[in-house]
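Worksheet: the structure to be examined is printed underneath.
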Amino acid sequence: MEDNTIICRCSDVTLQQVRDLIKEGYVTYDEIKRITRIGMGPCQGKTCGQLVLREIASATGQNIADIKFQTTRPPVVGVKLGLIAEEGRRNEE
Amino acid sequence: MKNSAEVVIIGAGISGCSTAYNLAKKGVKNIVVLEKNYICSGSTGRCGAGVRMQWGTEMNCKIAKESIEFYEHANEILEYDRDVDFKQKGYLLIADTDKEIEQFKKNIEVQHSCGIPSKLLSLEEAREIVPYLNTDMLKGAAFCEKDGFLNPFKTTDAFYKAAKRLGVEFNTFTEVTGIKTENGRVVGVDTNKGFISTNIVVNATNAYSKNICDMIGLDIPVYSERHQILVTEPVEPMQDPMVMSFGLNLYVQQSPEGSFIMGRGDANEPRDLRITSSWHFLEEMAKTIDAILPPISKLRVVRQWAGLYNMTPDKQPIYDKADNIEGFYLCVGYSGHGFMFGPITGIVMSEMILGEKPTIDVSMLNLNRFKTGNLLLEPSVV
């Protein structure tokens with residue numbers, strides 16, 4: 001892959017940015033996430049997560065399975081606030 | 001990891017990183033920061049990313065004002081190679097009761113005495129700032145244009161990098177398991193990675209501050225309360241200020257990336273340090289947004305998360321040293337506003353440790369105030 005390849009499509013983060021951060025010492029997924037916003041967009045890391053984990057693994061010599069991904073939080077897919085509100089009001093009745 | 005240090009700071013959130021930076025800048029050579037997780041993994045990294053000067057107590061107003069003035073120049077002062085994303089687009093406080101308007105008036109008097117440019121607004125004026133604000137159930141508003149958004153991760157990173165350049169050693173994934181004392185003074189810290197001898201320990205662990213104080217038998221009147229936040233998909237810029245209400249239990253701001261960040265607390269939460277997410281929060285938040293800021297309810301929630309406020313009885317922080325053990329300092333109990341006080345926390349703690357004349361007299365934020373009952377309650381916390 002080219003270094004200028006976008007690997008986080010939600011926040012436009014390139015492979016080069018991730019590699020630079022790893023070199024700077026940000027070697028956990030959460031640290032890279034907090035600086036670049038990788039995994040914070042609409043895909044919630046479903047697209048970029050594995051790519052970042054693989055970069056960390058190859059740079060640090062760890063097994064990819066041993067590297068911690070971000071905490072999975074609700075909702076699984078985007079839900080409109082208005083729908084949640086409507087459902088909430090219906091539950092009150 | 002070093003096995004001895006002049007100062008050991010526990011916690012690498014904004015308070016720990018800022019204290020480390022200020023001590024190092026003043027020439028302290030051998031500083032070690034211990035963090036049980038990664039940098040900014042606790043309350044700082046989970047906060048709502050807002051900073052404001054519109055407080056109700058003089059002390060909070062002063063600390064907030066000085067901190068915001070620092071943040072205006074944080075990139076240059078800390079020589080940061082990224083950007084802390086400070087956007088001063090204001091905080092619009094909205095009130096739904098006359099009682100709250102009276103409180104706003106009192107607060108604004110205190111704020112003006114500290115030189116804070118806040119003002120009371122009519123509902124029409126509030127709608128000029130946020131046109132889609134539904135004012136049907138509202139009575140009035142207050143506004144300060146200098147309040148705003150600040151990126152907690154990058155701000156903490158800026159302090160962290162500046163401290164590191166000055167020689168501070170940071171140890172992440174290093175958990176403190178005990179504090180060793182001899183003849184009434186601190187002599188070292190036990191961690192899961194070994195022992196460090198030191199005569200000075202700073203407890204900058206906010207949410208977990210009570211657990212650390214327990215290690216030296218110091219009882220502090222704080223507890224941690226879960227607060228939840230959600231974030232939406234990003235959209236084009238549509239709302240400048242943070243909209244906040246103490247009565248409706250709400251704050252909501254559009255981040256520079258375009259997503260809306262909104263949160264609230266619940267005083268009935270079990271006090272067990274949990275930071276899991278609840279459906280209840282999502283429903284309550286959605287209902288409030290639907291009623292107050294209708295266009296935002298068309299946006300999709302992409303994630304919710306939680307963090308801990310470390311609450312004190314008067315909702316003001318504790319900046320002090322222990323009276324039972326020499327060499328144990330604490331900067332904790334921010335009650336939800338530790339991130340925005342970060343710059344001043346570092347300055348006053350470093351001055352306290354080095355015995356220097358304080359830039360801001362924070363002596364009233366001592367531990368003893370809870371014993372004497374001499375409390376000035378901060379009325380404006382979500």
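Ordered as shown in the structure tokens, chains take letters A, B, and onward, while each chain numbers its residues from 1 and ligands are numbered from 1 in the order shown.
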Taking only C-alpha atoms into account, produce a table as JSON lines in which each residue of chain B with an atom at most 7 Å from an atom of chain A appears once, together with its shortest atom pair and the distance in Å to one decimal, ordered by chain and rising number.
{"residue": "B:Phe153", "atom": "CA", "partner": "A:Arg34", "partner_atom": "CA", "distance": 5.7}
{"residue": "B:Lys154", "atom": "CA", "partner": "A:Ile35", "partner_atom": "CA", "distance": 6.3}
{"residue": "B:Glu233", "atom": "CA", "partner": "A:Pro42", "partner_atom": "CA", "distance": 5.8}
{"residue": "B:Glu283", "atom": "CA", "partner": "A:Gly88", "partner_atom": "CA", "distance": 5.4}
{"residue": "B:Ala286", "atom": "CA", "partner": "A:Ala85", "partner_atom": "CA", "distance": 4.8}
{"residue": "B:Lys287", "atom": "CA", "partner": "A:Ala85", "partner_atom": "CA", "distance": 4.5}
{"residue": "B:Asp290", "atom": "CA", "partner": "A:Gly82", "partner_atom": "CA", "distance": 6.2}
{"residue": "B:Ser297", "atom": "CA", "partner": "A:Gly82", "partner_atom": "CA", "distance": 4.5}
{"residue": "B:Lys298", "atom": "CA", "partner": "A:Lys80", "partner_atom": "CA", "distance": 5.7}
{"residue": "B:Leu299", "atom": "CA", "partner": "A:Lys80", "partner_atom": "CA", "distance": 5.2}
{"residue": "B:Arg300", "atom": "CA", "partner": "A:Lys80", "partner_atom": "CA", "distance": 3.9}
{"residue": "B:Val301", "atom": "CA", "partner": "A:Gly78", "partner_atom": "CA", "distance": 5.2}
{"residue": "B:Val302", "atom": "CA", "partner": "A:Gly78", "partner_atom": "CA", "distance": 4.7}
{"residue": "B:Arg303", "atom": "CA", "partner": "A:Pro74", "partner_atom": "CA", "distance": 5.8}
{"residue": "B:Gln304", "atom": "CA", "partner": "A:Pro74", "partner_atom": "CA", "distance": 6.1}
{"residue": "B:Trp305", "atom": "CA", "partner": "A:Arg73", "partner_atom": "CA", "distance": 6.7}
### Task
Give me the residues within 7 Å of B:Ile229 as a PyMOL selection string, counting only C-alpha atoms and dropping any in the same chain fewer than 6 places off.
chain B and resi 261-264+304-306
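Comparing the minimum interatomic distances between A:Asp20 and each of A:Ile38, A:Glu55, A:Ile6, A:Gln62, counting only C-alpha atoms, we find that A:Glu55 sits nearest.
Put simply, atom CA of B:Gln103 is 21.2 Å away from atom CA of B:Tyr334.
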### Message
When DSSP is applied to the backbone of this structure, which of chain A are assigned helix (DSSP H, G or I)? Write them out as an NGL selection string.
### Response
:A and (15-24 or 29-36 or 49-60 or 64-66 or 81-92)
Keeping only N, CA and C atoms, write the selected residues as a short mmCIF file (atom, residue, chain, number, x, y, z; two decimals), in the first residue's frame.
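Contents of result13.cif, as written:
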data_model
loop_
_atom_site.label_atom_id
_atom_site.label_comp_id
_atom_site.auth_asym_id
_atom_site.auth_seq_id
_atom_site.Cartn_x
_atom_site.Cartn_y
_atom_site.Cartn_z
N LEU A 15 -2.15 6.15 5.94
CA LEU A 15 -1.25 5.14 6.46
C LEU A 15 0.03 5.79 7.01
N GLN A 16 0.49 6.82 6.30
CA GLN A 16 1.70 7.52 6.74
C GLN A 16 1.52 8.11 8.15
N GLN A 17 0.36 8.72 8.38
CA GLN A 17 0.10 9.32 9.70
C GLN A 17 0.16 8.25 10.79
N VAL A 18 -0.44 7.11 10.50
CA VAL A 18 -0.46 6.03 11.50
C VAL A 18 0.97 5.53 11.75
N ARG A 19 1.72 5.34 10.65
CA ARG A 19 3.10 4.85 10.81
C ARG A 19 3.97 5.85 11.57
N ASP A 20 3.75 7.14 11.30
CA ASP A 20 4.52 8.17 12.02
C ASP A 20 4.23 8.14 13.52
N LEU A 21 2.95 7.99 13.86
CA LEU A 21 2.57 7.95 15.28
C LEU A 21 3.18 6.74 15.97
N ILE A 22 3.15 5.59 15.28
CA ILE A 22 3.73 4.38 15.87
C ILE A 22 5.22 4.61 16.13
N LYS A 23 5.89 5.24 15.17
CA LYS A 23 7.32 5.55 15.34
C LYS A 23 7.54 6.50 16.52
N GLU A 24 6.58 7.40 16.72
CA GLU A 24 6.69 8.36 17.83
C GLU A 24 6.42 7.72 19.18
N TYR A 29 -3.86 0.90 20.07
CA TYR A 29 -4.94 1.37 19.21
C TYR A 29 -5.58 2.63 19.80
N ASP A 30 -5.85 2.60 21.10
CA ASP A 30 -6.55 3.73 21.73
C ASP A 30 -5.75 5.02 21.67
N GLU A 31 -4.44 4.93 21.81
CA GLU A 31 -3.62 6.15 21.72
C GLU A 31 -3.68 6.73 20.31
N ILE A 32 -3.59 5.88 19.30
CA ILE A 32 -3.65 6.34 17.90
C ILE A 32 -5.03 6.92 17.61
N LYS A 33 -6.05 6.25 18.14
CA LYS A 33 -7.42 6.72 17.98
C LYS A 33 -7.59 8.13 18.53
N ARG A 34 -7.06 8.38 19.72
CA ARG A 34 -7.28 9.67 20.37
C ARG A 34 -6.58 10.82 19.65
N ILE A 35 -5.47 10.53 18.99
CA ILE A 35 -4.78 11.60 18.26
C ILE A 35 -5.39 11.80 16.86
N THR A 36 -5.70 10.70 16.18
CA THR A 36 -6.12 10.83 14.76
C THR A 36 -7.63 10.81 14.55
N GLY A 49 -10.15 -0.43 11.67
CA GLY A 49 -9.63 -1.06 12.89
C GLY A 49 -8.58 -2.12 12.62
N GLN A 50 -8.93 -3.09 11.75
CA GLN A 50 -8.01 -4.19 11.46
C GLN A 50 -6.71 -3.70 10.84
N LEU A 51 -6.83 -2.66 9.99
CA LEU A 51 -5.64 -2.12 9.31
C LEU A 51 -4.68 -1.52 10.33
N VAL A 52 -5.24 -0.78 11.29
CA VAL A 52 -4.39 -0.15 12.31
C VAL A 52 -3.75 -1.22 13.19
N LEU A 53 -4.54 -2.20 13.57
CA LEU A 53 -4.01 -3.28 14.41
C LEU A 53 -2.85 -3.99 13.71
N ARG A 54 -3.02 -4.20 12.39
CA ARG A 54 -1.97 -4.89 11.63
C ARG A 54 -0.69 -4.04 11.57
N GLU A 55 -0.86 -2.73 11.43
CA GLU A 55 0.30 -1.84 11.43
C GLU A 55 1.05 -1.90 12.76
N ILE A 56 0.27 -1.86 13.85
CA ILE A 56 0.90 -1.93 15.19
C ILE A 56 1.63 -3.26 15.34
N ALA A 57 0.96 -4.35 14.91
CA ALA A 57 1.55 -5.68 15.04
C ALA A 57 2.87 -5.76 14.29
N SER A 58 2.89 -5.30 13.05
CA SER A 58 4.12 -5.46 12.27
C SER A 58 5.22 -4.54 12.78
N ALA A 59 4.86 -3.38 13.33
CA ALA A 59 5.89 -2.46 13.83
C ALA A 59 6.46 -2.91 15.16
N THR A 60 5.63 -3.55 16.00
CA THR A 60 6.10 -3.89 17.35
C THR A 60 6.43 -5.38 17.51
N ILE A 64 -1.11 -10.03 16.22
CA ILE A 64 -2.25 -9.14 16.06
C ILE A 64 -3.39 -9.49 17.04
N ALA A 65 -3.50 -10.76 17.37
CA ALA A 65 -4.56 -11.19 18.28
C ALA A 65 -4.34 -10.68 19.70
N ASP A 66 -3.10 -10.29 20.00
CA ASP A 66 -2.80 -9.81 21.36
C ASP A 66 -2.98 -8.32 21.52
N LEU A 81 -31.63 10.06 16.47
CA LEU A 81 -32.04 10.46 17.82
C LEU A 81 -33.56 10.58 17.92
N GLY A 82 -34.20 11.08 16.85
CA GLY A 82 -35.65 11.25 16.86
C GLY A 82 -36.38 9.93 17.04
N LEU A 83 -35.83 8.87 16.42
CA LEU A 83 -36.47 7.55 16.56
C LEU A 83 -36.35 7.02 17.99
N ILE A 84 -35.18 7.27 18.57
CA ILE A 84 -34.97 6.83 19.96
C ILE A 84 -35.93 7.59 20.88
N ALA A 85 -36.09 8.90 20.60
CA ALA A 85 -36.98 9.72 21.42
C ALA A 85 -38.43 9.22 21.30
N GLU A 86 -38.82 8.93 20.08
CA GLU A 86 -40.19 8.46 19.83
C GLU A 86 -40.45 7.16 20.61
N GLU A 87 -39.50 6.26 20.51
CA GLU A 87 -39.62 4.98 21.21
C GLU A 87 -39.65 5.21 22.72
N GLY A 88 -38.83 6.15 23.18
CA GLY A 88 -38.79 6.48 24.61
C GLY A 88 -40.13 7.00 25.10
N ARG A 89 -40.75 7.87 24.31
CA ARG A 89 -42.04 8.42 24.71
C ARG A 89 -43.12 7.34 24.69
N ARG A 90 -43.02 6.42 23.71
CA ARG A 90 -44.01 5.34 23.61
C ARG A 90 -43.92 4.42 24.84
N ASN A 91 -42.68 4.20 25.30
CA ASN A 91 -42.48 3.35 26.48
C ASN A 91 -43.08 3.97 27.73
N GLU A 92 -43.20 5.30 27.73
CA GLU A 92 -43.73 5.98 28.91
C GLU A 92 -45.25 5.82 29.03
#
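Omitting stretch 34-49 of chain B and its sequence neighbours fewer than 3 positions away, and counting only C-alpha atoms, the residues within 7 Å are Ile9, Ile10, Gly11, Ala12, Gly13, Ile14, Phe149, Leu150, Asn151, Pro152, Phe153, Thr156, Phe170, Asn171, Thr172, Phe173, Thr174, Glu175, Ala207, Ile261, Ala306, Gly307, Leu308 and Phe339 of chain B.
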As an mmCIF file with C-alpha atoms, in the first residue's frame, please: every residue in chain A that DSSP puts in strand (DSSP E or B).
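Saved file result_16.cif follows:
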data_model
loop_
_atom_site.group_PDB
_atom_site.id
_atom_site.type_symbol
_atom_site.label_atom_id
_atom_site.label_comp_id
_atom_site.auth_asym_id
_atom_site.auth_seq_id
_atom_site.Cartn_x
_atom_site.Cartn_y
_atom_site.Cartn_z
ATOM 1 C CA ILE A 6 -6.400 6.714 3.263
ATOM 2 C CA ILE A 7 -7.002 3.961 5.771
ATOM 3 C CA CYS A 8 -9.673 5.764 7.810
ATOM 4 C CA VAL A 13 -6.324 9.447 8.111
ATOM 5 C CA THR A 14 -3.463 8.156 5.972
ATOM 6 C CA VAL A 79 -29.735 5.327 14.864
ATOM 7 C CA LYS A 80 -31.571 8.643 14.518
#
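If you look at atom CA of B:Gly327 and atom CA of B:Val202, they are 8.3 Å away from each other.
Interatomic distance, atom CA of B:Ala24 to atom CA of B:Thr155: 17.6 Å.
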### Query
Which is closer to B:Lys99 than all the others in B:Phe246, B:Glu6, B:Gly188, B:Lys371, using only C-alpha atoms?
B:Phe246
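Residues lying within 12 Å of B:Glu128, counting only C-alpha atoms and ignoring same-chain neighbours fewer than 6 positions away, are B:Leu92, B:Leu121, B:Ser122, B:Asn134, B:Thr135, B:Ala141, B:Phe143, B:Gln239, B:Asp240, B:Pro241.
Proximity of B:Tyr309, B:Trp55, B:Tyr80, B:Phe159 to B:Gly265, computed with only C-alpha atoms, is greatest for B:Tyr309.
Shortest atom-to-atom contact with B:Met137 among B:Thr288, B:Ala163, B:Cys61, B:Leu230: B:Thr288, counting only C-alpha atoms.
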